[in-house]
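In what follows, a structure is listed as structure tokens, so that the remarks can point back to it.
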Amino acid sequence: MMIAPIPANESARLDRLRLYDILDTPPEEAFDRIARLASALMGTPIALVSLVDEGRQWFKARVGLEATETSRDIAFCAHAILENDVYVVNDASKHENFLDNPLVTAGPKIRFYAGAPITTSDGLSIGTICAIDSKPRQPTPSQLRLLKDLSALAVNELELRAAGREALLEIAERRQIDQFKTSFISTVSHEIRTPLTSIMGGLGLVNSGVLGDVSTDIGDVLNIAERNSTLLLRLINDLLDSAKLDAGQMEFHMSSVDLCEVANEAIENLRDYCREKQVVIECPCRSKVTVHADKSRLAQVMNNLISNAVKFSPVSGQVEVDILANFETATVSVRDSGGGIPEAIRGRMFQKFVQGHGAGKSSVEGTGLGLNIAKAIVEHHGGRIGFETKTGVGTRFYFELPLG
């Protein structure tokens with residue numbers, strides 16, 4: 001009996017076999033089906049999906065055989081994995097490699113063997129699809145070709161499973177990273193927001209004169225500090241909202257909401273900002289336009305769109321806010337008189353951290369999260385958001401919501 005030599009690529013071959021994580025796994029219909037087809041194709045009572053590791057051949061699927069594995073030293077498959085084509089033994093009792101092999105001299109008394117190597121795309125043979133009979137046989141070329149096709153199907157099945165496991169691991173890792181990122185942002189933001197709120201309260205008291213008069217120079221410095229603290233608080237709030245949206249943890253409290261009321265409140269809140277920017281807001285909405293929504297979240301969207309319009313309008317510019325009701329939807333439009341959105345960033349306007357869309361603006365305050373958050377809020381309400389822009393003329397942002 002001749003023991004099959006170890007392949008030159010044995011280390012890589014075994015690594016690939018372990019990568020598939022299939023050894024000693026329970027029977028599976030996908031591989032059982034391949035074994036049944038091999039038996040029917042070759043007309044043999046025994047057919048196996050055999051995998052060869054360091055010291056044995058183990059059967060992932062078997063037809064007509066009770067054993068689940070044999071020693072590699074006596075395995076026909078250990079010879080077959082050395083070949084590029086189907087390895088055929090017509091009569092093992094007359095073959096010098098096998099005539100005294102215990103699988104030949106005792107049960108199952110192998111005479112005929114045909115094994116198609118299960119070979120990966122990079123040439124690593126990890127096992128075979130084999131057909132076995134206790135009678136000598138002479139297979140046809142067609143049978144051998146189809147046996148090779150079955151081995152290719154086994155490779156495809158293994159590759160698909162490996163790719164699926166890798167994809168699941170990647171998804172799990174991404175989720176873990178996203179969860180850590182969300183937790184980190186939330187924790188840090190909360191830790192910053194608490195002292196920042198106290199700082200802003202103190203600045204407000206000093207600026208109001210409650211604690212005594214301050215000089216003009218000191219007042220200017222305090223005003224800068226208060227304004228920058230407000231911007232920092234807005235950044236923190238946007239980061240928290242973005243983290244909540246990513247985690248699906250943002251809460252919505254639905255009720256009947258008048259869009260005109262929300263718009264007018266947003267305009268009132270931005271009155272000082274408009275005065276500073278010397279921009280006028282026109283909002284002819286007077287009658288109720290009612291939707292079923294979270295009022296505070298819609299106010300957040302409205303504030304974002306209107307403040308952006310003010311921000312990107314020129315001195316003495318005008319912002320127009322329109323609210324129209326159709327048969328089934330309400331449309332809120334906010335039109336600025338700025339320079340329009342540069343073409344290079346139009347496709348990314350609702351992505352995170354995209355900002356400064358005003359043509360000609362070299363430095364614009366903002367977090368770059370507002371439009372991304374607004375889009376998520378609008379879509380949560382079953383609506384859609386978009387914009388129209390023209391260079392040198394201005395931009396119209398709008399969102400639509402179902403009437404309610």
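Quick note on naming: the chains in the structure tokens go A, B, ... in the order shown, residues restart at 1 in each chain, and ligands are numbered from 1 in order of appearance.
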Need the shell around range 12-25 of chain A: protein/DNA/RNA residues with any atom at most 8 Å away, counting only C-alpha atoms. Skip same-chain ones fewer than 3 positions apart. Format as a compact mmCIF listing (two decimals) with N, CA and C atoms, in the first residue's frame?
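Result saved to result.txt:
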```
# COMPACT_ATOMS: atom_id res chain seq x y z
N ASN A 9 1.70 22.48 -1.11
CA ASN A 9 0.98 23.63 -0.55
C ASN A 9 0.15 23.25 0.68
N LEU A 51 -13.48 15.65 3.01
CA LEU A 51 -12.52 16.73 3.28
C LEU A 51 -11.31 16.14 3.99
N ASP A 53 -8.00 16.61 6.21
CA ASP A 53 -7.22 17.49 7.08
C ASP A 53 -5.86 16.85 7.40
N GLU A 54 -5.21 17.22 8.51
CA GLU A 54 -3.86 16.74 8.78
C GLU A 54 -3.76 15.21 8.84
N TRP A 58 -12.57 13.37 6.41
CA TRP A 58 -13.85 13.46 7.14
C TRP A 58 -14.95 13.71 6.13
N LYS A 60 -18.31 15.19 5.03
CA LYS A 60 -19.35 16.18 5.28
C LYS A 60 -20.71 15.63 4.86
N LEU A 124 -6.12 25.34 -4.36
CA LEU A 124 -5.95 24.57 -3.13
C LEU A 124 -7.02 23.48 -3.06
N SER A 125 -6.60 22.22 -3.14
CA SER A 125 -7.54 21.10 -3.10
C SER A 125 -7.72 20.64 -1.65
N ILE A 126 -8.93 20.77 -1.14
CA ILE A 126 -9.18 20.48 0.28
C ILE A 126 -9.93 19.17 0.48
N LEU A 158 -19.06 26.46 -0.33
CA LEU A 158 -18.11 26.82 0.71
C LEU A 158 -17.74 28.30 0.65
N GLU A 159 -17.51 28.80 -0.56
CA GLU A 159 -17.13 30.21 -0.72
C GLU A 159 -18.27 31.14 -0.29
N ARG A 161 -20.60 30.53 1.89
CA ARG A 161 -20.73 30.48 3.35
C ARG A 161 -19.62 31.31 4.01
N ALA A 162 -18.39 31.19 3.48
CA ALA A 162 -17.28 31.97 4.03
C ALA A 162 -17.52 33.47 3.86
```
Problem set entry | Who sits within 12 Å of Glu276 in chain A, only C-alpha atoms, same chain under 6 positions skipped, as a list in words | Leu270, Val310, Lys311, Pro314, Val315 and Ser316 of chain A
Selection to disk with C-alpha atoms, as a short mmCIF file (atom, residue, chain, number, x, y, z; two decimals), in the first residue's frame:
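What landed in selection-v8.cif:
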```cif
data_model
loop_
_atom_site.label_atom_id
_atom_site.label_comp_id
_atom_site.auth_asym_id
_atom_site.auth_seq_id
_atom_site.Cartn_x
_atom_site.Cartn_y
_atom_site.Cartn_z
CA LEU A 270 -34.65 84.54 14.88
CA VAL A 310 -30.85 84.25 6.71
CA LYS A 311 -27.23 83.19 7.03
CA PRO A 314 -26.72 89.23 1.57
CA VAL A 315 -27.04 92.39 3.65
CA SER A 316 -30.50 93.94 3.04
#
```
Exercise. Among range 17-72 of chain A, which residues carry a DSSP assignment of helix (DSSP H, G or I), reported as a PyMOL selection string?
Worked result: chain A and resi 17-20+29-42+72
May I have the selected residues written with N, CA and C atoms, as a PDB file, in the first residue's frame?
```
ATOM      1  N   LEU A  17      -8.939  25.233   4.519  1.00  0.00           N
ATOM      2  CA  LEU A  17      -9.938  24.314   5.066  1.00  0.00           C
ATOM      3  C   LEU A  17     -10.462  24.814   6.412  1.00  0.00           C
ATOM      4  N   ARG A  18      -9.559  25.319   7.257  1.00  0.00           N
ATOM      5  CA  ARG A  18      -9.982  25.859   8.554  1.00  0.00           C
ATOM      6  C   ARG A  18     -10.791  27.130   8.378  1.00  0.00           C
ATOM      7  N   LEU A  19     -10.445  27.918   7.359  1.00  0.00           N
ATOM      8  CA  LEU A  19     -11.187  29.156   7.098  1.00  0.00           C
ATOM      9  C   LEU A  19     -12.659  28.864   6.810  1.00  0.00           C
ATOM     10  N   TYR A  20     -12.923  27.768   6.121  1.00  0.00           N
ATOM     11  CA  TYR A  20     -14.309  27.423   5.800  1.00  0.00           C
ATOM     12  C   TYR A  20     -15.095  26.978   7.032  1.00  0.00           C
ATOM     13  N   GLU A  29     -28.266  19.893   4.066  1.00  0.00           N
ATOM     14  CA  GLU A  29     -28.933  19.447   2.847  1.00  0.00           C
ATOM     15  C   GLU A  29     -28.159  19.837   1.587  1.00  0.00           C
ATOM     16  N   ALA A  30     -27.515  21.003   1.597  1.00  0.00           N
ATOM     17  CA  ALA A  30     -26.795  21.448   0.401  1.00  0.00           C
ATOM     18  C   ALA A  30     -25.716  20.440   0.002  1.00  0.00           C
ATOM     19  N   PHE A  31     -25.004  19.892   0.972  1.00  0.00           N
ATOM     20  CA  PHE A  31     -23.949  18.925   0.675  1.00  0.00           C
ATOM     21  C   PHE A  31     -24.512  17.512   0.524  1.00  0.00           C
ATOM     22  N   ASP A  32     -25.545  17.191   1.297  1.00  0.00           N
ATOM     23  CA  ASP A  32     -26.199  15.885   1.116  1.00  0.00           C
ATOM     24  C   ASP A  32     -26.724  15.748  -0.304  1.00  0.00           C
ATOM     25  N   ARG A  33     -27.249  16.828  -0.843  1.00  0.00           N
ATOM     26  CA  ARG A  33     -27.791  16.806  -2.202  1.00  0.00           C
ATOM     27  C   ARG A  33     -26.684  16.504  -3.211  1.00  0.00           C
ATOM     28  N   ILE A  34     -25.508  17.104  -3.000  1.00  0.00           N
ATOM     29  CA  ILE A  34     -24.376  16.852  -3.906  1.00  0.00           C
ATOM     30  C   ILE A  34     -23.970  15.383  -3.868  1.00  0.00           C
ATOM     31  N   ALA A  35     -23.947  14.789  -2.657  1.00  0.00           N
ATOM     32  CA  ALA A  35     -23.591  13.361  -2.537  1.00  0.00           C
ATOM     33  C   ALA A  35     -24.615  12.480  -3.244  1.00  0.00           C
ATOM     34  N   ARG A  36     -25.893  12.804  -3.084  1.00  0.00           N
ATOM     35  CA  ARG A  36     -26.938  12.005  -3.750  1.00  0.00           C
ATOM     36  C   ARG A  36     -26.822  12.111  -5.267  1.00  0.00           C
ATOM     37  N   LEU A  37     -26.548  13.289  -5.766  1.00  0.00           N
ATOM     38  CA  LEU A  37     -26.390  13.476  -7.211  1.00  0.00           C
ATOM     39  C   LEU A  37     -25.188  12.705  -7.730  1.00  0.00           C
ATOM     40  N   ALA A  38     -24.096  12.713  -6.962  1.00  0.00           N
ATOM     41  CA  ALA A  38     -22.907  11.979  -7.395  1.00  0.00           C
ATOM     42  C   ALA A  38     -23.192  10.485  -7.469  1.00  0.00           C
ATOM     43  N   SER A  39     -23.924   9.960  -6.482  1.00  0.00           N
ATOM     44  CA  SER A  39     -24.276   8.540  -6.488  1.00  0.00           C
ATOM     45  C   SER A  39     -25.147   8.199  -7.693  1.00  0.00           C
ATOM     46  N   ALA A  40     -26.151   9.036  -7.960  1.00  0.00           N
ATOM     47  CA  ALA A  40     -27.050   8.781  -9.088  1.00  0.00           C
ATOM     48  C   ALA A  40     -26.320   8.938 -10.419  1.00  0.00           C
ATOM     49  N   LEU A  41     -25.470   9.942 -10.509  1.00  0.00           N
ATOM     50  CA  LEU A  41     -24.733  10.189 -11.749  1.00  0.00           C
ATOM     51  C   LEU A  41     -23.807   9.038 -12.101  1.00  0.00           C
ATOM     52  N   MET A  42     -23.055   8.566 -11.091  1.00  0.00           N
ATOM     53  CA  MET A  42     -22.062   7.535 -11.349  1.00  0.00           C
ATOM     54  C   MET A  42     -22.639   6.118 -11.254  1.00  0.00           C
ATOM     55  N   ARG A  72      -6.139   9.333   7.160  1.00  0.00           N
ATOM     56  CA  ARG A  72      -5.632   9.893   5.907  1.00  0.00           C
ATOM     57  C   ARG A  72      -4.687   8.913   5.219  1.00  0.00           C
TER      58      ARG A  72
END
```
For this session: Mind listing the strand (DSSP E) residues of range 137-381 of chain A, per DSSP on the backbone, as a PyMOL selection string?
Result: chain A and resi 255-258+280-282+290-293+318-325+329-335
For this session: Between A:Val210, A:Ile110, A:Ala172, A:Ala4, single out the one closest to Ser71 in chain A, counting only C-alpha atoms.
Result: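 Selected residue with least distance to Ser71 in chain A: A:Ala4.
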For this session: Work out how far apart CA of Ala114 in chain A and CA of Phe98 in chain A are and give it in Å to one decimal.
Result: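 CA of Ala114 in chain A sits 13.6 Å away from CA of Phe98 in chain A.
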